[in-house]
Each structure stands twice: as structure tokens, then as C-alpha cells.
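S.K.: Handing over start-v8.txt, compact mmCIF, C-alpha atoms.
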# COMPACT_ATOMS: atom_id res chain seq x y z
CA MET A 1 -19.24 -8.71 11.21
CA LYS A 2 -17.32 -10.09 8.28
CA THR A 3 -13.55 -10.40 8.04
CA SER A 4 -11.32 -10.29 4.98
CA LEU A 5 -7.58 -10.48 4.45
CA THR A 6 -5.67 -8.46 1.88
CA ARG A 7 -2.14 -9.07 0.70
CA ARG A 8 -0.15 -6.76 -1.59
CA TYR A 9 2.29 -7.94 -4.25
CA ARG A 10 4.39 -6.15 -6.84
CA PHE A 11 5.40 -6.89 -10.39
CA ALA A 12 7.00 -4.86 -13.15
CA ALA A 13 5.93 -5.40 -16.74
CA SER A 14 5.58 -3.67 -20.05
CA HIS A 15 2.57 -3.44 -22.33
CA ARG A 16 1.31 -1.67 -25.39
CA LEU A 17 -2.30 -0.62 -25.85
CA HIS A 18 -3.05 -1.51 -29.42
CA THR A 19 -5.70 -3.57 -31.21
CA THR A 20 -5.83 -5.00 -34.71
CA LYS A 21 -9.58 -4.23 -34.65
CA LEU A 22 -8.73 -0.56 -35.16
CA SER A 23 -6.72 1.21 -37.85
CA GLU A 24 -3.33 2.68 -36.98
CA ALA A 25 -4.87 6.15 -36.92
CA GLU A 26 -7.70 5.01 -34.63
CA ASN A 27 -5.25 3.23 -32.30
CA LYS A 28 -3.29 6.45 -32.08
CA ARG A 29 -6.45 8.44 -31.39
CA VAL A 30 -7.83 6.06 -28.73
CA TYR A 31 -4.67 5.03 -26.91
CA GLY A 32 -2.38 8.02 -27.55
CA LYS A 33 1.17 7.49 -26.31
CA CYS A 34 0.15 4.16 -24.72
CA SER A 35 0.08 2.84 -28.27
CA ASN A 36 3.73 3.61 -29.05
CA PRO A 37 4.99 0.55 -30.95
CA TYR A 38 7.75 -0.62 -28.60
CA GLY A 39 5.59 -0.60 -25.47
CA HIS A 40 6.25 0.92 -22.06
CA GLY A 41 6.25 -0.38 -18.50
CA HIS A 42 4.80 0.04 -15.03
CA ASN A 43 5.50 -1.03 -11.48
CA TYR A 44 2.19 -2.70 -10.81
CA VAL A 45 0.93 -3.17 -7.26
CA LEU A 46 -1.52 -6.04 -6.87
CA GLU A 47 -3.92 -6.34 -3.94
CA VAL A 48 -5.56 -9.71 -3.38
CA THR A 49 -8.50 -9.87 -0.95
CA LEU A 50 -9.80 -13.14 0.47
CA THR A 51 -12.81 -13.84 2.65
CA GLY A 52 -14.03 -16.86 4.52
CA PRO A 53 -14.23 -18.20 8.04
CA VAL A 54 -11.25 -17.58 10.30
CA ASP A 55 -9.85 -21.04 11.10
CA LEU A 56 -9.98 -21.46 14.88
CA ALA A 57 -6.82 -23.57 14.96
CA THR A 58 -4.69 -21.09 13.02
CA GLY A 59 -6.53 -17.77 13.45
CA MET A 60 -6.29 -17.33 9.70
CA ILE A 61 -8.58 -16.87 6.71
CA ALA A 62 -5.70 -18.08 4.57
CA ASN A 63 -2.16 -19.07 5.41
CA LEU A 64 0.32 -16.79 3.67
CA GLY A 65 2.58 -19.83 3.45
CA GLU A 66 0.01 -21.13 0.98
CA LEU A 67 -1.23 -17.88 -0.60
CA ASP A 68 2.17 -16.36 -1.41
CA PRO A 69 3.48 -19.33 -3.45
CA PHE A 70 0.09 -19.60 -5.22
CA VAL A 71 0.13 -15.94 -6.31
CA GLN A 72 3.82 -16.25 -7.14
CA ARG A 73 3.13 -19.22 -9.44
CA GLU A 74 -0.10 -17.95 -11.03
CA VAL A 75 0.71 -14.26 -11.49
CA ILE A 76 4.12 -13.02 -10.43
CA GLU A 77 6.25 -15.56 -12.30
CA PRO A 78 4.29 -15.29 -15.56
CA PHE A 79 3.90 -11.47 -15.41
CA ASP A 80 6.97 -10.04 -13.67
CA GLN A 81 9.66 -8.55 -15.95
CA LYS A 82 7.64 -9.55 -19.01
CA PHE A 83 6.13 -7.86 -22.06
CA LEU A 84 2.49 -8.72 -21.41
CA ASN A 85 1.38 -8.47 -25.06
CA GLU A 86 3.87 -11.05 -26.25
CA GLU A 87 4.64 -13.20 -23.26
CA VAL A 88 1.24 -13.82 -21.66
CA ASP A 89 -0.96 -15.75 -24.09
CA GLU A 90 -4.22 -14.13 -22.92
CA PHE A 91 -3.00 -10.74 -24.15
CA ARG A 92 -2.17 -11.83 -27.67
CA GLU A 93 -5.82 -11.33 -28.63
CA GLN A 94 -7.17 -8.92 -26.03
CA VAL A 95 -5.65 -5.52 -25.29
CA ALA A 96 -3.40 -5.51 -22.23
CA THR A 97 -5.24 -2.67 -20.52
CA THR A 98 -5.09 -2.88 -16.76
CA GLU A 99 -8.85 -3.56 -16.77
CA ASN A 100 -8.13 -6.73 -18.73
CA VAL A 101 -5.03 -7.52 -16.66
CA ALA A 102 -7.11 -7.23 -13.45
CA ARG A 103 -9.77 -9.52 -14.88
CA GLU A 104 -7.18 -12.07 -16.03
CA ILE A 105 -5.53 -12.05 -12.60
CA PHE A 106 -8.93 -12.55 -10.96
CA ARG A 107 -9.51 -15.53 -13.27
CA ARG A 108 -6.12 -17.01 -12.38
CA LEU A 109 -6.53 -16.56 -8.63
CA LYS A 110 -10.15 -17.57 -8.12
CA SER A 111 -9.19 -21.24 -7.90
CA PHE A 112 -7.28 -20.57 -4.66
CA PRO A 113 -8.45 -23.58 -2.66
CA SER A 114 -8.50 -22.32 0.95
CA ALA A 115 -10.57 -19.12 0.88
CA ARG A 116 -12.89 -17.17 -1.39
CA LEU A 117 -11.35 -14.59 -3.69
CA GLU A 118 -13.37 -11.44 -3.07
CA ARG A 119 -11.42 -8.74 -4.87
CA VAL A 120 -8.42 -8.03 -7.04
CA ARG A 121 -7.20 -4.45 -7.20
CA ILE A 122 -4.25 -3.25 -9.25
CA GLU A 123 -2.46 0.04 -9.11
CA GLU A 124 -0.93 0.64 -12.53
CA THR A 125 0.67 3.78 -11.15
CA SER A 126 0.07 5.55 -7.85
CA LYS A 127 -2.62 7.54 -9.68
CA ASN A 128 -4.54 4.77 -11.46
CA SER A 129 -6.16 1.73 -9.93
CA PHE A 130 -8.48 -0.97 -11.24
CA GLU A 131 -10.68 -3.28 -9.25
CA VAL A 132 -12.55 -6.51 -9.92
CA THR A 133 -14.80 -8.15 -7.32
CA ASP A 134 -16.51 -11.53 -7.23
CA GLU A 135 -19.90 -9.77 -7.40
CA MET A 136 -18.92 -7.93 -10.59
CA GLU A 137 -17.70 -11.15 -12.17
CA GLU A 138 -20.88 -13.02 -11.14
CA VAL A 139 -23.05 -10.37 -12.79
CA ARG A 140 -20.96 -10.72 -15.93
CA ALA A 141 -21.15 -14.54 -16.01
CA MET B 1 -24.41 8.94 4.57
CA ILE B 2 -20.80 9.93 5.14
CA ARG B 3 -17.87 7.76 6.19
CA ILE B 4 -15.15 9.21 8.38
CA THR B 5 -11.87 7.48 9.21
CA ARG B 6 -9.35 7.93 11.98
CA LYS B 7 -5.93 6.32 11.97
CA VAL B 8 -3.75 5.29 14.92
CA GLU B 9 -0.54 3.31 15.15
CA PHE B 10 0.62 0.93 17.82
CA SER B 11 3.60 -1.35 18.24
CA ALA B 12 3.24 -4.81 19.70
CA ALA B 13 4.85 -8.22 19.84
CA HIS B 14 3.33 -11.59 19.05
CA PHE B 15 4.04 -15.11 17.85
CA TYR B 16 1.86 -17.89 16.50
CA HIS B 17 1.58 -21.12 18.41
CA ASN B 18 -1.27 -23.59 18.81
CA PRO B 19 -0.81 -25.77 21.92
CA ASN B 20 -2.93 -28.49 20.26
CA PHE B 21 -0.37 -28.84 17.45
CA SER B 22 2.89 -30.75 17.75
CA ALA B 23 6.10 -28.70 17.63
CA GLU B 24 6.65 -29.91 14.10
CA GLU B 25 3.10 -28.97 13.06
CA ASN B 26 3.46 -25.51 14.61
CA ARG B 27 6.61 -24.94 12.59
CA ARG B 28 5.01 -26.22 9.40
CA VAL B 29 1.80 -24.15 9.71
CA PHE B 30 3.22 -20.95 11.17
CA GLY B 31 6.77 -20.93 9.79
CA LYS B 32 9.03 -18.29 11.29
CA CYS B 33 6.01 -16.66 13.00
CA ASN B 34 6.25 -19.63 15.41
CA ASN B 35 9.53 -18.35 16.91
CA PRO B 36 8.72 -18.63 20.64
CA HIS B 37 10.65 -15.46 21.46
CA GLY B 38 8.11 -13.50 19.44
CA HIS B 39 8.59 -10.66 16.99
CA GLY B 40 6.89 -7.31 16.53
CA HIS B 41 5.07 -5.02 14.15
CA ASN B 42 4.10 -1.40 13.79
CA TYR B 43 0.38 -1.92 13.40
CA VAL B 44 -1.64 0.76 11.64
CA LEU B 45 -5.32 0.83 12.49
CA GLU B 46 -7.91 2.67 10.43
CA VAL B 47 -11.36 2.95 11.97
CA THR B 48 -14.28 4.09 9.82
CA ILE B 49 -17.59 5.38 11.16
CA ALA B 50 -20.62 5.84 8.91
CA GLY B 51 -23.50 8.17 9.55
CA GLU B 52 -25.30 11.39 8.76
CA PRO B 53 -23.60 14.64 9.79
CA ASP B 54 -25.38 16.29 12.70
CA PRO B 55 -27.29 19.32 11.32
CA THR B 56 -25.88 21.59 14.04
CA THR B 57 -22.23 20.51 14.24
CA GLY B 58 -21.81 19.18 10.70
CA MET B 59 -20.07 16.14 12.17
CA VAL B 60 -20.87 12.44 11.97
CA LEU B 61 -18.92 11.96 15.19
CA ASP B 62 -16.42 14.32 16.75
CA LEU B 63 -13.07 12.82 15.71
CA LYS B 64 -11.65 13.94 19.03
CA ASP B 65 -14.15 11.64 20.77
CA LEU B 66 -13.15 8.82 18.42
CA LYS B 67 -9.50 9.51 19.20
CA ASP B 68 -10.26 9.18 22.92
CA ILE B 69 -12.15 5.92 22.36
CA LEU B 70 -9.25 4.51 20.32
CA GLN B 71 -6.80 5.58 23.00
CA ARG B 72 -8.78 3.89 25.76
CA GLU B 73 -9.93 0.75 23.96
CA VAL B 74 -6.98 -0.01 21.68
CA MET B 75 -3.82 1.95 22.49
CA GLU B 76 -3.91 1.35 26.24
CA ARG B 77 -4.62 -2.35 25.71
CA MET B 78 -2.24 -3.11 22.86
CA ASP B 79 0.48 -0.48 22.41
CA HIS B 80 3.88 -1.78 23.53
CA ARG B 81 2.32 -5.03 24.70
CA HIS B 82 2.88 -8.68 23.93
CA LEU B 83 -0.38 -9.73 22.32
CA ASN B 84 -0.02 -13.39 23.38
CA TYR B 85 0.33 -12.57 27.09
CA GLU B 86 -1.02 -9.13 27.86
CA VAL B 87 -4.33 -8.74 26.04
CA PRO B 88 -7.02 -10.82 27.77
CA GLU B 89 -9.44 -10.40 24.83
CA LEU B 90 -7.01 -12.40 22.68
CA ALA B 91 -6.52 -15.20 25.23
CA GLY B 92 -6.87 -18.61 23.63
CA GLN B 93 -6.66 -17.13 20.11
CA ILE B 94 -3.75 -16.95 17.70
CA PRO B 95 -3.00 -13.20 17.49
CA THR B 96 -3.21 -12.98 13.70
CA CYS B 97 -4.19 -9.81 11.90
CA GLU B 98 -7.67 -11.32 11.34
CA ASN B 99 -8.20 -12.10 15.03
CA ILE B 100 -6.80 -8.79 16.31
CA ALA B 101 -9.03 -6.85 13.90
CA ALA B 102 -12.07 -8.82 15.09
CA VAL B 103 -11.20 -8.13 18.77
CA ILE B 104 -10.85 -4.42 17.97
CA TRP B 105 -14.22 -4.47 16.18
CA LYS B 106 -15.89 -6.06 19.21
CA LEU B 107 -14.26 -3.57 21.60
CA LEU B 108 -15.23 -0.53 19.54
CA GLU B 109 -18.71 -1.38 18.31
CA PRO B 110 -20.52 -0.85 21.63
CA LYS B 111 -18.59 2.38 22.26
CA ILE B 112 -19.70 4.14 19.08
CA LYS B 113 -22.87 5.97 20.12
CA THR B 114 -23.10 8.38 17.20
CA GLY B 115 -22.96 6.90 13.72
CA LYS B 116 -22.14 3.24 13.20
CA LEU B 117 -18.87 1.36 13.13
CA ASP B 118 -18.42 0.64 9.42
CA ARG B 119 -14.96 -0.80 9.03
CA VAL B 120 -11.90 -1.75 11.05
CA ARG B 121 -8.79 -2.07 8.89
CA LEU B 122 -5.65 -3.32 10.59
CA PHE B 123 -2.31 -3.26 8.77
CA GLU B 124 0.30 -5.62 10.16
CA SER B 125 2.67 -4.29 7.50
CA PRO B 126 2.10 -2.11 4.42
CA ASP B 127 1.58 -5.35 2.44
CA LEU B 128 -0.84 -7.17 4.74
CA PHE B 129 -4.09 -6.06 6.29
CA ALA B 130 -7.36 -7.44 7.61
CA ASP B 131 -10.75 -5.74 7.31
CA CYS B 132 -13.76 -6.24 9.54
CA THR B 133 -16.96 -4.82 8.13
CA ALA B 134 -20.62 -4.83 9.10
CA ASP B 135 -22.24 -7.84 7.49
CA ASN B 136 -25.83 -7.19 6.50
CA GLY B 137 -26.47 -10.82 5.65
CA ASN B 138 -25.61 -11.03 1.97
CA GLY B 139 -21.96 -10.23 2.48
CA ALA B 140 -22.29 -6.66 1.22
CA ARG B 141 -21.25 -3.68 3.28
CA ALA B 142 -24.13 -2.23 5.29
What is this structure when it is put down as C-alpha cells?

M.R.:
Amino acid sequence: MKTSLTRRYRFAASHRLHTTKLSEAENKRVYGKCSNPYGHGHNYVLEVTLTGPVDLATGMIANLGELDPFVQREVIEPFDQKFLNEEVDEFREQVATTENVAREIFRRLKSFPSARLERVRIEETSKNSFEVTDEMEEVRA
Amino acid sequence: MIRITRKVEFSAAHFYHNPNFSAEENRRVFGKCNNPHGHGHNYVLEVTIAGEPDPTTGMVLDLKDLKDILQREVMERMDHRHLNYEVPELAGQIPTCENIAAVIWKLLEPKIKTGKLDRVRLFESPDLFADCTADNGNGARA
């Protein structure tokens, strides 16, 4: 038996799906209304899953007193109430799709010192979700 | 293989306190969860069984049987109880979401005779849950 712990967070941000690698017409064709020039926003829900031994002294995989401020500092503060394309450096070059946002959040959170980051899952809306796991990222690396 | 899931809810009280820690250390590590008067949650438990549907009944496991098992093993033990004082399986452990989920896994696993216990997911709140899954050695789900 293996145990994991999942915590959910929320942030609201805007983005625009648009790349300089494509012409305006191609951007329009590929991204449709998501490419509208002024951007649009979502209430993102972020799920962070950690694994590791359950500490006998605390009964915890990770102490939320440590995890919450870490996620707050690494993701919520830089992303919440922001225009991702302009205000988060990583999305100046790469398109701020939620695939890329999920991968960037995984990169930011994997240095959490007290447990292993197993999975990051983001709901862009209640109908769309995106998931990155450590195994997927290992295969990629 | 098919996975089937049944959900139940129970309400219970708990607090976090390690007698080997000083009072100051307990407060530092556990924060407001250390309040000795305790506090409570509406826990939501999702239990998943994996298996092949029986060719005659079309069922992996009759969900009514699973409901009875959950009633006997979990609800009667934990619903409207204080987890620190009234659940012997948790004695000597901090009743965190991780530990409660693991106790539930250990209670249920031997009772599932048809199909296999695949996952125990315990929500302490909509924003916090622990999963116990079968570990087949490499960390992947069996």
C-alpha cells in the first residue's frame, strides 16, 4: 500500500493563446477565440499530489504549514490575478496553454523539500483538466 | 478490468498532539490542529474496487455488499466518534488524513473477497485528501 496526499488551491488569471511562430491567420485557425488579442481569464483549480513516507511523529507525508506557504510563494503569488503571457516570464516565449502552465507549475513545485511531488493537475474550467506526473516528466527528461 | 467506486460520508472529531513533543513543539508543528478540545470534519470516503465483472451478474462486486462492509468497518467505527479516543486502530497514531486512510485500507482489504481493493480516497475537506493505493513495487498502481 502506498499513500499520497493531495491539496487543492485556486488562482484566477488571464491568458491568450497566440504564438509568433504562426501567422495571424494560422493563430486564428488554431486557437480560435482563445487567440483574441486582449486575452481572457479562468478560475484555475490546482491539485498538488505528494508521496513519501508518513512521518511517525506527525502522521504526515507533508505538513500543510510548510506546503501551503511554499505553493503560495512559488505559484499563487506569481500567477494569481495576473496576465500570464506578460507577467510570468516563462510564458513570454512559450504559449500559455494549460498544458504548459501545468508543466511550469510542476517545475516550480518539484523542489519541495519534504516530500516527492507526484502529480500536478489543473482544472482550467470544470470541463477541462490537465495533468503532469513525475513519471511523464522523467520520460521526457 | 473495471473499477467501481462507492462513496460514504462520516463526521468525526480529532486533534493533533504528539506526547513526545513539548507543548511549544506541538503548537509549532500542528498549529491550530493542536487545540486540545478538538475540532471536526465531514469526511468523504471513496472506495474503489478493481476486477472483472462476473459473467452471470455483470458485477465486479455487488455495491450493496460493499455498502454493508463500509457500514460495518468504517461508519460504525468512525461516524460521530472522536478519532483520538474512540477508534482503537488509530491508538498511538496522529489521526491525520494519511493515517486514517491507511487504517481504512487495512480494515477493508481483508474484507473484499470479490475483486481487489484498488484505492481508498479520504477527503478531510474538499481541498485536502489522502489516497491509499495498491503498491506493486515500482510505485505504479496495480

S.K.: Within 10 Å of Ile94 (chain B), counting all atoms listed in the file, which residues show up once you throw out same-chain ones fewer than 3 positions away? Write them as a PyMOL selection string, please.

M.R.: (chain A and resi 55-60) or (chain B and resi 14-18+83-84+90-91+97-100)

S.K.: Within 6 Å of chain B, which residues belong to chain A? Use only C-alpha atoms and report them as number ranges by chain.

M.R.: A: 1-8, 59

S.K.: Between A:Val75, A:Arg107, A:Gly39, A:Ser126, single out the one closest to Ala141 (chain A), counting all atoms listed in the file.

M.R.: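 Of all the options, A:Arg107 lies closest to Ala141 (chain A).
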
S.K.: Using all atoms listed in the file and a cutoff of 7 Å, can you tell me which residues are near (-18.9, 5.1, 9.4) in the file's coordinates, and write them out as a PyMOL selection string?

M.R.: chain B and resi 2-4+48-51+115-118

S.K.: Can you work out the spacing between CA of Glu86 (chain B) and CA of Phe10 (chain B) in Å, to one decimal?

M.R.: 14.3 Å

S.K.: Around region 5-8 of chain B, with edges along x, y and z and 3 Å added on all six sides, what centre and edge lengths do you get, in Å to one decimal, as lines of an AutoDock Vina configuration file?

M.R.:
center_x = -7.8
center_y = 6.6
center_z = 12.1
size_x = 14.1
size_y = 8.6
size_z = 11.7

S.K.: Take the point (6.8, 4.2, -23.6) as written in the file and pick out every residue within 12 Å of it, counting all atoms listed in the file; give the list as a list in words.

M.R.: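 Answer for this query, in the requested form: Ala13, Ser14, His15, Arg16, Leu17, Tyr31, Gly32, Lys33, Cys34, Ser35, Asn36, Pro37, Tyr38, Gly39, His40, Gly41 and His42 of chain A.
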
S.K.: Would you mind reading off the distance between CA of Arg73 (chain A) and CA of Thr98 (chain A), one decimal, in Å?

M.R.: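 Between these atoms lies a distance of 19.7 Å.
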
S.K.: Kindly give the distance, in Å, that separates CA of Glu124 (chain B) and CA of Asn42 (chain B), rounded to a single decimal.

M.R.: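 Here the two named atoms are 6.7 Å from each other.
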
S.K.: What lies within 6 Å of region 43-53 of chain A using all atoms listed in the file, ignoring chain neighbours under 3 positions off, as a ChimeraX atom specification?

M.R.: /A:4-12,61,115-124

S.K.: Determine the nearest neighbour of Gln71 (chain B) from the options B:Met1, B:Pro36, B:Val87, B:Val8, counting only C-alpha atoms.

M.R.: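 Nearest to Gln71 (chain B): B:Val8.
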
S.K.: Pick out the closest residue to Pro78 (chain A) from this set: A:Asn63, A:Arg108, A:Glu99, A:Phe130. Count only C-alpha atoms.

M.R.: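 Among the listed residues, the smallest separation from Pro78 (chain A) belongs to A:Arg108.
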
S.K.: Using all atoms listed in the file for the distances, tell me which of B:Leu61, B:Val47, B:Pro88, B:Lys7 is nearest to Leu108 (chain B).

M.R.: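 Among B:Leu61, B:Val47, B:Pro88, B:Lys7, it is B:Val47 that comes nearest to Leu108 (chain B).
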